[in-house]
file entry-v1.cif (mmCIF, C-alpha atoms; chains and numbers go by the auth columns)
data_coords
loop_
_atom_site.group_PDB
_atom_site.id
_atom_site.type_symbol
_atom_site.label_atom_id
_atom_site.label_comp_id
_atom_site.label_asym_id
_atom_site.label_seq_id
_atom_site.Cartn_x
_atom_site.Cartn_y
_atom_site.Cartn_z
_atom_site.B_iso_or_equiv
_atom_site.auth_seq_id
_atom_site.auth_asym_id
ATOM 1 C CA MET A 1 0.000 0.000 0.000 0.00 29 A
ATOM 2 C CA ILE A 2 0.977 3.611 -0.462 0.00 30 A
ATOM 3 C CA SER A 3 -0.243 6.708 1.340 0.00 31 A
ATOM 4 C CA ALA A 4 -1.878 9.867 0.096 0.00 32 A
ATOM 5 C CA LEU A 5 1.234 11.677 1.321 0.00 33 A
ATOM 6 C CA ASP A 6 3.412 9.457 -0.898 0.00 34 A
ATOM 7 C CA ILE A 7 1.405 10.545 -3.923 0.00 35 A
ATOM 8 C CA TYR A 8 1.407 14.185 -2.831 0.00 36 A
ATOM 9 C CA ASN A 9 5.192 14.168 -2.431 0.00 37 A
ATOM 10 C CA PHE A 10 5.714 12.515 -5.806 0.00 38 A
ATOM 11 C CA LEU A 11 3.483 15.062 -7.529 0.00 39 A
ATOM 12 C CA ASP A 12 5.317 17.822 -5.698 0.00 40 A
ATOM 13 C CA SER A 13 8.616 16.565 -7.135 0.00 41 A
ATOM 14 C CA PHE A 14 7.668 17.391 -10.741 0.00 42 A
ATOM 15 C CA ALA A 15 4.561 19.582 -10.377 0.00 43 A
ATOM 16 C CA PRO A 16 5.315 21.612 -7.232 0.00 44 A
ATOM 17 C CA PHE A 17 2.184 22.642 -5.400 0.00 45 A
ATOM 18 C CA SER A 18 3.928 25.947 -4.667 0.00 46 A
ATOM 19 C CA SER A 19 3.783 26.698 -8.414 0.00 47 A
ATOM 20 C CA ALA A 20 -0.038 26.695 -8.473 0.00 48 A
ATOM 21 C CA ASP A 21 -1.688 30.029 -9.179 0.00 49 A
ATOM 22 C CA SER A 22 -2.620 32.073 -6.113 0.00 50 A
ATOM 23 C CA TRP A 23 -6.348 31.794 -6.886 0.00 51 A
ATOM 24 C CA ASP A 24 -6.171 28.011 -7.124 0.00 52 A
ATOM 25 C CA ASN A 25 -6.886 25.328 -4.522 0.00 53 A
ATOM 26 C CA CYS A 26 -4.578 22.328 -4.741 0.00 54 A
ATOM 27 C CA GLY A 27 -3.302 19.605 -2.443 0.00 55 A
ATOM 28 C CA ILE A 28 -5.027 17.108 -0.147 0.00 56 A
ATOM 29 C CA LEU A 29 -8.482 18.697 -0.037 0.00 57 A
ATOM 30 C CA VAL A 30 -10.514 15.898 1.542 0.00 58 A
ATOM 31 C CA GLY A 31 -9.354 13.262 4.015 0.00 59 A
ATOM 32 C CA SER A 32 -5.991 12.477 5.545 0.00 60 A
ATOM 33 C CA PRO A 33 -2.416 12.342 4.203 0.00 61 A
ATOM 34 C CA ASN A 34 -2.100 9.073 6.125 0.00 62 A
ATOM 35 C CA THR A 35 -4.806 7.284 4.106 0.00 63 A
ATOM 36 C CA LEU A 36 -3.419 4.017 2.697 0.00 64 A
ATOM 37 C CA SER A 37 -4.606 2.307 -0.445 0.00 65 A
ATOM 38 C CA GLU A 38 -3.531 -0.323 -2.960 0.00 66 A
ATOM 39 C CA LYS A 39 -5.787 1.264 -5.579 0.00 67 A
ATOM 40 C CA ILE A 40 -5.887 4.901 -6.688 0.00 68 A
ATOM 41 C CA LEU A 41 -8.409 6.429 -9.075 0.00 69 A
ATOM 42 C CA VAL A 42 -7.046 9.145 -11.382 0.00 70 A
ATOM 43 C CA THR A 43 -9.646 11.483 -12.855 0.00 71 A
ATOM 44 C CA LEU A 44 -10.131 14.901 -14.413 0.00 72 A
ATOM 45 C CA ASP A 45 -12.948 15.710 -11.988 0.00 73 A
ATOM 46 C CA ALA A 46 -13.801 14.309 -8.571 0.00 74 A
ATOM 47 C CA SER A 47 -17.370 13.822 -9.730 0.00 75 A
ATOM 48 C CA SER A 48 -20.090 11.681 -8.218 0.00 76 A
ATOM 49 C CA ASP A 49 -19.477 9.072 -10.940 0.00 77 A
ATOM 50 C CA ALA A 50 -15.752 9.038 -10.198 0.00 78 A
ATOM 51 C CA LEU A 51 -16.472 8.578 -6.492 0.00 79 A
ATOM 52 C CA ASP A 52 -18.910 5.747 -7.238 0.00 80 A
ATOM 53 C CA THR A 53 -16.194 4.038 -9.272 0.00 81 A
ATOM 54 C CA ALA A 54 -13.585 4.496 -6.545 0.00 82 A
ATOM 55 C CA ILE A 55 -15.935 2.949 -3.995 0.00 83 A
ATOM 56 C CA SER A 56 -16.789 0.041 -6.311 0.00 84 A
ATOM 57 C CA ILE A 57 -13.130 -0.888 -6.921 0.00 85 A
ATOM 58 C CA GLY A 58 -12.035 -0.297 -3.332 0.00 86 A
ATOM 59 C CA ALA A 59 -9.839 2.744 -4.017 0.00 87 A
ATOM 60 C CA LYS A 60 -9.287 4.840 -0.897 0.00 88 A
ATOM 61 C CA ILE A 61 -7.460 7.626 -2.741 0.00 89 A
ATOM 62 C CA ILE A 62 -8.662 9.756 -5.646 0.00 90 A
ATOM 63 C CA LEU A 63 -6.307 12.001 -7.596 0.00 91 A
ATOM 64 C CA SER A 64 -8.229 14.693 -9.432 0.00 92 A
ATOM 65 C CA HIS A 65 -7.008 17.450 -11.715 0.00 93 A
ATOM 66 C CA HIS A 66 -9.806 19.891 -10.954 0.00 94 A
ATOM 67 C CA PRO A 67 -10.249 20.888 -7.302 0.00 95 A
ATOM 68 C CA VAL A 68 -13.110 19.125 -5.539 0.00 96 A
ATOM 69 C CA ILE A 69 -13.348 22.259 -3.369 0.00 97 A
ATOM 70 C CA PHE A 70 -12.765 25.423 -5.360 0.00 98 A
ATOM 71 C CA HIS A 71 -15.105 28.094 -4.029 0.00 99 A
ATOM 72 C CA PRO A 72 -15.583 28.389 -0.252 0.00 100 A
ATOM 73 C CA LEU A 73 -18.251 26.000 1.003 0.00 101 A
ATOM 74 C CA LYS A 74 -21.146 27.578 2.894 0.00 102 A
ATOM 75 C CA SER A 75 -22.793 24.219 3.505 0.00 103 A
ATOM 76 C CA ILE A 76 -22.093 20.544 2.821 0.00 104 A
ATOM 77 C CA ASN A 77 -24.983 18.434 1.608 0.00 105 A
ATOM 78 C CA GLU A 78 -24.952 14.859 2.869 0.00 106 A
ATOM 79 C CA ASN A 79 -25.041 13.580 -0.727 0.00 107 A
ATOM 80 C CA SER A 80 -22.203 15.812 -1.958 0.00 108 A
ATOM 81 C CA VAL A 81 -18.930 14.301 -3.129 0.00 109 A
ATOM 82 C CA VAL A 82 -17.132 15.820 -0.140 0.00 110 A
ATOM 83 C CA ALA A 83 -19.533 14.341 2.420 0.00 111 A
ATOM 84 C CA ARG A 84 -19.704 10.950 0.707 0.00 112 A
ATOM 85 C CA ALA A 85 -15.917 10.743 0.390 0.00 113 A
ATOM 86 C CA ILE A 86 -15.475 11.478 4.089 0.00 114 A
ATOM 87 C CA ARG A 87 -18.024 8.808 5.015 0.00 115 A
ATOM 88 C CA ALA A 88 -16.277 6.295 2.745 0.00 116 A
ATOM 89 C CA GLY A 89 -12.849 7.139 4.174 0.00 117 A
ATOM 90 C CA ILE A 90 -11.602 8.312 0.780 0.00 118 A
ATOM 91 C CA THR A 91 -8.917 10.982 0.480 0.00 119 A
ATOM 92 C CA ILE A 92 -9.008 13.331 -2.522 0.00 120 A
ATOM 93 C CA ILE A 93 -5.826 14.975 -3.810 0.00 121 A
ATOM 94 C CA CYS A 94 -6.110 17.728 -6.412 0.00 122 A
ATOM 95 C CA ALA A 95 -3.315 18.873 -8.726 0.00 123 A
ATOM 96 C CA HIS A 96 -4.619 21.711 -10.874 0.00 124 A
ATOM 97 C CA THR A 97 -2.580 24.654 -12.201 0.00 125 A
ATOM 98 C CA ASN A 98 0.619 23.113 -10.843 0.00 126 A
ATOM 99 C CA LEU A 99 -0.037 20.185 -13.211 0.00 127 A
ATOM 100 C CA ASP A 100 -0.827 22.585 -16.068 0.00 128 A
ATOM 101 C CA TYR A 101 2.613 24.173 -15.780 0.00 129 A
ATOM 102 C CA ALA A 102 4.580 20.998 -15.054 0.00 130 A
ATOM 103 C CA VAL A 103 6.934 19.285 -17.451 0.00 131 A
ATOM 104 C CA GLY A 104 5.010 16.140 -18.310 0.00 132 A
ATOM 105 C CA GLY A 105 1.766 17.775 -17.179 0.00 133 A
ATOM 106 C CA VAL A 106 -1.419 18.802 -18.955 0.00 134 A
ATOM 107 C CA ASN A 107 0.077 20.877 -21.746 0.00 135 A
ATOM 108 C CA ASP A 108 2.805 18.396 -22.576 0.00 136 A
ATOM 109 C CA ALA A 109 0.128 15.675 -22.644 0.00 137 A
ATOM 110 C CA LEU A 110 -1.951 17.803 -25.032 0.00 138 A
ATOM 111 C CA ALA A 111 1.034 18.356 -27.318 0.00 139 A
ATOM 112 C CA GLY A 112 1.770 14.622 -27.130 0.00 140 A
ATOM 113 C CA ALA A 113 -1.816 13.695 -27.967 0.00 141 A
ATOM 114 C CA LEU A 114 -1.453 15.752 -31.150 0.00 142 A
ATOM 115 C CA ASP A 115 1.816 13.928 -31.927 0.00 143 A
ATOM 116 C CA LEU A 116 3.801 17.157 -32.120 0.00 144 A
ATOM 117 C CA THR A 117 7.578 17.098 -32.429 0.00 145 A
ATOM 118 C CA ASP A 118 10.219 19.602 -31.284 0.00 146 A
ATOM 119 C CA ILE A 119 7.950 20.575 -28.397 0.00 147 A
ATOM 120 C CA ARG A 120 9.039 23.579 -26.371 0.00 148 A
ATOM 121 C CA PRO A 121 7.350 25.699 -23.711 0.00 149 A
ATOM 122 C CA PHE A 122 6.496 29.354 -24.069 0.00 150 A
ATOM 123 C CA ASP A 123 5.225 32.018 -21.717 0.00 151 A
ATOM 124 C CA TYR A 124 1.489 32.244 -22.178 0.00 152 A
ATOM 125 C CA SER A 125 0.098 33.784 -19.025 0.00 153 A
ATOM 126 C CA LEU A 126 0.879 36.159 -16.192 0.00 154 A
ATOM 127 C CA SER A 127 2.663 33.376 -14.311 0.00 155 A
ATOM 128 C CA PRO A 128 6.473 33.323 -14.382 0.00 156 A
ATOM 129 C CA LEU A 129 6.180 29.701 -15.526 0.00 157 A
ATOM 130 C CA PRO A 130 5.586 28.852 -19.193 0.00 158 A
ATOM 131 C CA LEU A 131 2.078 27.498 -19.651 0.00 159 A
ATOM 132 C CA GLY A 132 1.873 27.040 -23.415 0.00 160 A
ATOM 133 C CA ARG A 133 3.599 24.478 -25.601 0.00 161 A
ATOM 134 C CA ILE A 134 4.505 24.801 -29.271 0.00 162 A
ATOM 135 C CA GLY A 135 5.718 22.166 -31.709 0.00 163 A
ATOM 136 C CA LYS A 136 5.665 20.839 -35.253 0.00 164 A
ATOM 137 C CA LEU A 137 3.317 18.483 -37.032 0.00 165 A
ATOM 138 C CA ARG A 138 5.042 15.462 -38.543 0.00 166 A
ATOM 139 C CA THR A 139 3.340 16.284 -41.850 0.00 167 A
ATOM 140 C CA PRO A 140 1.936 19.689 -42.815 0.00 168 A
ATOM 141 C CA LEU A 141 -1.852 19.672 -43.176 0.00 169 A
ATOM 142 C CA SER A 142 -4.439 21.858 -44.811 0.00 170 A
ATOM 143 C CA PRO A 143 -6.836 23.620 -42.405 0.00 171 A
ATOM 144 C CA ALA A 144 -9.598 21.126 -43.236 0.00 172 A
ATOM 145 C CA GLU A 145 -7.262 18.171 -42.716 0.00 173 A
ATOM 146 C CA PHE A 146 -5.993 19.642 -39.470 0.00 174 A
ATOM 147 C CA ILE A 147 -9.493 20.175 -38.094 0.00 175 A
ATOM 148 C CA SER A 148 -10.320 16.505 -38.744 0.00 176 A
ATOM 149 C CA PHE A 149 -6.976 15.500 -37.215 0.00 177 A
ATOM 150 C CA VAL A 150 -7.661 17.442 -34.003 0.00 178 A
ATOM 151 C CA LYS A 151 -11.161 15.981 -33.633 0.00 179 A
ATOM 152 C CA GLU A 152 -9.762 12.469 -34.028 0.00 180 A
ATOM 153 C CA LYS A 153 -6.779 12.886 -31.689 0.00 181 A
ATOM 154 C CA LEU A 154 -8.783 14.564 -28.904 0.00 182 A
ATOM 155 C CA SER A 155 -11.924 12.434 -29.407 0.00 183 A
ATOM 156 C CA CYS A 156 -13.753 15.718 -29.743 0.00 184 A
ATOM 157 C CA PRO A 157 -17.085 15.668 -31.614 0.00 185 A
ATOM 158 C CA THR A 158 -17.121 19.360 -32.461 0.00 186 A
ATOM 159 C CA LEU A 159 -14.825 22.392 -32.539 0.00 187 A
ATOM 160 C CA ARG A 160 -15.163 26.164 -32.651 0.00 188 A
ATOM 161 C CA VAL A 161 -12.833 27.494 -35.338 0.00 189 A
ATOM 162 C CA ALA A 162 -11.845 30.940 -36.565 0.00 190 A
ATOM 163 C CA GLY A 163 -9.178 32.227 -38.913 0.00 191 A
ATOM 164 C CA SER A 164 -7.604 30.912 -42.051 0.00 192 A
ATOM 165 C CA VAL A 165 -4.056 30.063 -43.076 0.00 193 A
ATOM 166 C CA PRO A 166 -2.840 28.209 -46.158 0.00 194 A
ATOM 167 C CA GLU A 167 -1.187 25.330 -44.295 0.00 195 A
ATOM 168 C CA ILE A 168 -0.673 24.080 -40.731 0.00 196 A
ATOM 169 C CA ASN A 169 2.862 23.135 -39.720 0.00 197 A
ATOM 170 C CA THR A 170 3.580 24.773 -36.340 0.00 198 A
ATOM 171 C CA VAL A 171 0.982 24.312 -33.600 0.00 199 A
ATOM 172 C CA ALA A 172 0.619 26.000 -30.193 0.00 200 A
ATOM 173 C CA VAL A 173 -1.480 24.491 -27.405 0.00 201 A
ATOM 174 C CA SER A 174 -2.818 25.654 -24.062 0.00 202 A
ATOM 175 C CA GLY A 175 -5.111 23.199 -22.284 0.00 203 A
ATOM 176 C CA GLY A 176 -8.204 24.250 -20.371 0.00 204 A
ATOM 177 C CA SER A 177 -9.215 27.890 -20.593 0.00 205 A
ATOM 178 C CA LEU A 178 -7.242 30.158 -22.886 0.00 206 A
ATOM 179 C CA ALA A 179 -4.816 31.987 -20.613 0.00 207 A
ATOM 180 C CA SER A 180 -4.380 35.191 -22.608 0.00 208 A
ATOM 181 C CA SER A 181 -4.295 36.684 -26.086 0.00 209 A
ATOM 182 C CA PRO A 182 -3.200 34.304 -28.859 0.00 210 A
ATOM 183 C CA LEU A 183 -0.842 36.952 -30.255 0.00 211 A
ATOM 184 C CA LYS A 184 2.122 35.377 -28.425 0.00 212 A
ATOM 185 C CA ALA A 185 1.570 32.191 -30.411 0.00 213 A
ATOM 186 C CA VAL A 186 1.388 34.246 -33.598 0.00 214 A
ATOM 187 C CA SER A 187 4.685 35.951 -32.751 0.00 215 A
ATOM 188 C CA LEU A 188 6.349 32.546 -32.335 0.00 216 A
ATOM 189 C CA GLY A 189 5.257 31.443 -35.789 0.00 217 A
ATOM 190 C CA ALA A 190 2.338 29.201 -34.865 0.00 218 A
ATOM 191 C CA ASP A 191 -0.026 28.452 -37.732 0.00 219 A
ATOM 192 C CA ALA A 192 -2.678 27.161 -35.322 0.00 220 A
ATOM 193 C CA LEU A 193 -3.522 27.489 -31.641 0.00 221 A
ATOM 194 C CA ILE A 194 -5.655 24.950 -29.759 0.00 222 A
ATOM 195 C CA SER A 195 -7.204 25.736 -26.400 0.00 223 A
ATOM 196 C CA GLY A 196 -10.588 25.706 -24.681 0.00 224 A
ATOM 197 C CA ASP A 197 -13.186 28.135 -23.346 0.00 225 A
ATOM 198 C CA ILE A 198 -12.070 30.836 -25.777 0.00 226 A
ATOM 199 C CA LYS A 199 -14.103 33.987 -25.227 0.00 227 A
ATOM 200 C CA HIS A 200 -16.088 35.756 -27.917 0.00 228 A
ATOM 201 C CA ASP A 201 -13.926 38.874 -27.798 0.00 229 A
ATOM 202 C CA VAL A 202 -10.785 36.819 -28.435 0.00 230 A
ATOM 203 C CA PHE A 203 -12.338 35.270 -31.525 0.00 231 A
ATOM 204 C CA SER A 204 -13.703 38.586 -32.771 0.00 232 A
ATOM 205 C CA SER A 205 -10.480 40.570 -32.253 0.00 233 A
ATOM 206 C CA LEU A 206 -8.129 37.968 -33.735 0.00 234 A
ATOM 207 C CA PRO A 207 -6.169 38.927 -36.859 0.00 235 A
ATOM 208 C CA HIS A 208 -7.735 35.994 -38.718 0.00 236 A
ATOM 209 C CA SER A 209 -5.239 35.887 -41.546 0.00 237 A
ATOM 210 C CA ASP A 210 -2.405 35.104 -39.127 0.00 238 A
ATOM 211 C CA ILE A 211 -3.527 31.940 -37.320 0.00 239 A
ATOM 212 C CA LEU A 212 -6.154 29.213 -37.156 0.00 240 A
ATOM 213 C CA LEU A 213 -7.732 29.437 -33.693 0.00 241 A
ATOM 214 C CA ILE A 214 -9.444 26.287 -32.406 0.00 242 A
ATOM 215 C CA ASP A 215 -11.537 25.953 -29.267 0.00 243 A
ATOM 216 C CA ALA A 216 -11.656 22.210 -28.584 0.00 244 A
ATOM 217 C CA GLY A 217 -13.247 22.652 -25.174 0.00 245 A
ATOM 218 C CA HIS A 218 -11.921 22.603 -21.623 0.00 246 A
ATOM 219 C CA PHE A 219 -12.690 18.912 -21.110 0.00 247 A
ATOM 220 C CA TYR A 220 -11.121 17.598 -24.317 0.00 248 A
ATOM 221 C CA THR A 221 -7.920 19.643 -24.009 0.00 249 A
ATOM 222 C CA GLU A 222 -7.281 18.435 -20.441 0.00 250 A
ATOM 223 C CA ASN A 223 -8.668 14.901 -20.249 0.00 251 A
ATOM 224 C CA VAL A 224 -5.670 13.785 -22.325 0.00 252 A
ATOM 225 C CA VAL A 225 -3.436 13.999 -19.220 0.00 253 A
ATOM 226 C CA ILE A 226 -5.222 11.262 -17.247 0.00 254 A
ATOM 227 C CA ALA A 227 -3.739 8.215 -19.023 0.00 255 A
ATOM 228 C CA PRO A 228 -0.085 9.407 -19.105 0.00 256 A
ATOM 229 C CA LEU A 229 -0.323 10.659 -15.516 0.00 257 A
ATOM 230 C CA SER A 230 -1.646 7.274 -14.408 0.00 258 A
ATOM 231 C CA LYS A 231 1.272 5.547 -16.143 0.00 259 A
ATOM 232 C CA LYS A 232 3.782 7.933 -14.580 0.00 260 A
ATOM 233 C CA LEU A 233 2.384 7.138 -11.141 0.00 261 A
ATOM 234 C CA ALA A 234 2.297 3.399 -11.840 0.00 262 A
ATOM 235 C CA ASP A 235 5.965 3.472 -12.838 0.00 263 A
ATOM 236 C CA ALA A 236 6.829 5.306 -9.622 0.00 264 A
ATOM 237 C CA PHE A 237 4.728 3.068 -7.365 0.00 265 A
ATOM 238 C CA PRO A 238 4.738 -0.484 -8.768 0.00 266 A
ATOM 239 C CA SER A 239 3.165 -1.865 -5.589 0.00 267 A
ATOM 240 C CA ALA A 240 -0.064 0.068 -6.221 0.00 268 A
ATOM 241 C CA SER A 241 -2.631 0.037 -9.024 0.00 269 A
ATOM 242 C CA PHE A 242 -3.697 3.255 -10.708 0.00 270 A
ATOM 243 C CA PHE A 243 -7.012 3.401 -12.530 0.00 271 A
ATOM 244 C CA PRO A 244 -7.558 6.181 -15.109 0.00 272 A
ATOM 245 C CA PHE A 245 -11.230 7.075 -14.922 0.00 273 A
ATOM 246 C CA ALA A 246 -12.752 7.107 -18.401 0.00 274 A
ATOM 247 C CA ALA A 247 -15.026 10.036 -17.692 0.00 275 A
ATOM 248 C CA PRO A 248 -17.517 11.058 -20.349 0.00 276 A
ATOM 249 C CA ALA A 249 -17.754 14.751 -21.115 0.00 277 A
ATOM 250 C CA PRO A 250 -20.089 16.382 -18.569 0.00 278 A
ATOM 251 C CA PHE A 251 -22.366 17.658 -21.352 0.00 279 A
ATOM 252 C CA SER A 252 -23.859 16.560 -24.672 0.00 280 A
ATOM 253 C CA PHE A 253 -23.927 17.997 -28.185 0.00 281 A
ATOM 254 C CA PHE A 254 -27.171 18.278 -30.116 0.00 282 A
#
call {"tool": "encode", "arguments": {"input": "entry-v1.cif", "output": "C-alpha cells"}}
result
Amino acid sequence: MISALDIYNFLDSFAPFSSADSWDNCGILVGSPNTLSEKILVTLDASSDALDTAISIGAKIILSHHPVIFHPLKSINENSVVARAIRAGITIICAHTNLDYAVGGVNDALAGALDLTDIRPFDYSLSPLPLGRIGKLRTPLSPAEFISFVKEKLSCPTLRVAGSVPEINTVAVSGGSLASSPLKAVSLGADALISGDIKHDVFSSLPHSDILLIDAGHFYTENVVIAPLSKKLADAFPSASFFPFAAPAPFSFF
C-alpha cells in the first residue's frame, strides 16, 4: 500500500504545489495524508461518478485534476462528493494549475496527444512559468485536414474554429481555458492554436489571416493527461494500481 502523502510528495517533485496560481486550490483537499490504499483512481474531476467508481473498486485515494473544493463552502450536503468521500474514508488529492505548468503535465500531454515534435514551452500567461507548448506536425496539413486531425486525436465531436491560413505546420497548445491573447503564439510562428473556453472577444479581435484558432473545449484539451499521468504514477509506485477514470464529457452535443 501507499499513502496519500506518498502521492502528494511525488506530484510535488515534478509539479510543485507551490507553483499553483494564487487563486487556485490544490493539495489534499478531503481526508488524511495518512490514508493508505492499494488502488488509486485518477480522474479529471472528482465527480459523483468518479467517487462511485472508486468505492466500487475499493480505491481509498482519488487524484483529481480539478479541485473538488474550489469556491468556499457555505454548507455541505450529505449527498455531496465531499460528504460521501469522508463517510467512505476516501482521500481526494487535487493537482490543478501546478499540473498545467509541469513538465510532463497537462500541456505536454496535449502536445503529445497531437503527436507534435520539437515541443518547447512558451510564456502564455501572467505566471512566471511557461504554460503554453509549441511544436511541429510530422506532416503539414491543410486547415480542413488539421481540423479533422484534431477531432480524431482529442476524441472531440465538435470544434469552434476561426481564422484561415494556407497550411498548418507549427501548432501552439494551451489546455483548459485560454490563458491570454493568442498573439504570443502568432509571434512565435504558430499556424494554429488549440485551447478551450475561448471567449467571444478573443475570436472577434483575432487577426484571422495570421492563425487558425481552435476551441476544442476545456474537457477535451485536459482529459488527455489522465492516461499518461496514471502511467507515470504506476511506474513510480509499482506496488499500487492506478485506474484512469474514463469520464464522459459532462455535457452533450445536439
call {"tool": "resolve_selection", "arguments": {"input": "entry-v1.cif", "expression": "the PyMOL selection byres ((chain A and resi 72) around 12)", "output": "MDAnalysis selection string"}}
result
chainID A and resid 69:71 73:75 77:79 90:96 121:124 127 134 204 246:255 257:258 272:278
call {"tool": "atom_distance", "arguments": {"input": "entry-v1.cif", "atom1": "atom CA of A:Cys184", "atom2": "atom CA of A:Ile147"}}
result
22.3 Å
call {"tool": "resolve_selection", "arguments": {"input": "entry-v1.cif", "expression": "the PyMOL selection byres ((chain A and resi 267) around 12)", "output": "compact mmCIF listing (two decimals) with C-alpha atoms, in the frame of the given file"}}
result
# COMPACT_ATOMS: atom_id res chain seq x y z
CA MET A 29 0.00 0.00 0.00
CA ILE A 30 0.98 3.61 -0.46
CA SER A 31 -0.24 6.71 1.34
CA SER A 65 -4.61 2.31 -0.44
CA GLU A 66 -3.53 -0.32 -2.96
CA LYS A 67 -5.79 1.26 -5.58
CA ILE A 68 -5.89 4.90 -6.69
CA LEU A 261 2.38 7.14 -11.14
CA ALA A 262 2.30 3.40 -11.84
CA ASP A 263 5.96 3.47 -12.84
CA ALA A 264 6.83 5.31 -9.62
CA PHE A 265 4.73 3.07 -7.36
CA PRO A 266 4.74 -0.48 -8.77
CA ALA A 268 -0.06 0.07 -6.22
CA SER A 269 -2.63 0.04 -9.02
CA PHE A 270 -3.70 3.26 -10.71
call {"tool": "resolve_selection", "arguments": {"input": "entry-v1.cif", "expression": "the PyMOL selection byres ((chain A and resi 179) around 12)", "output": "PyMOL selection string"}}
result
chain A and resi 141-142+172-178+180-189+222+242-245+248-249
call {"tool": "atom_distance", "arguments": {"input": "entry-v1.cif", "atom1": "atom CA of A:Leu57", "atom2": "atom CA of A:Ile89"}}
result
11.4 Å
call {"tool": "closest_residue", "arguments": {"input": "entry-v1.cif", "among": "A:Ala43, A:Leu138, A:Leu101, A:Leu157", "to": "A:Asn126", "atoms": "all atoms listed in the file"}}
result
A:Ala43
call {"tool": "atom_distance", "arguments": {"input": "entry-v1.cif", "atom1": "atom CA of A:Leu240", "atom2": "atom CA of A:Ser202"}}
result
14.0 Å
call {"tool": "closest_residue", "arguments": {"input": "entry-v1.cif", "among": "A:Ile104, A:Ser170, A:Gly224, A:Asp34", "to": "A:Ser192", "atoms": "all atoms listed in the file"}}
result
A:Ser170
call {"tool": "residues_around", "arguments": {"input": "entry-v1.cif", "residues": "A:Leu234", "least_positions_apart": "2", "cutoff": "12 Å", "atoms": "all atoms listed in the file", "output": "ChimeraX atom specification"}}
result
/A:189-192,209-214,221,226-232,236-242
call {"tool": "closest_residue", "arguments": {"input": "entry-v1.cif", "among": "A:Phe98, A:Tyr129, A:Phe150, A:Phe271", "to": "A:Val58", "atoms": "all atoms listed in the file"}}
result
A:Phe98
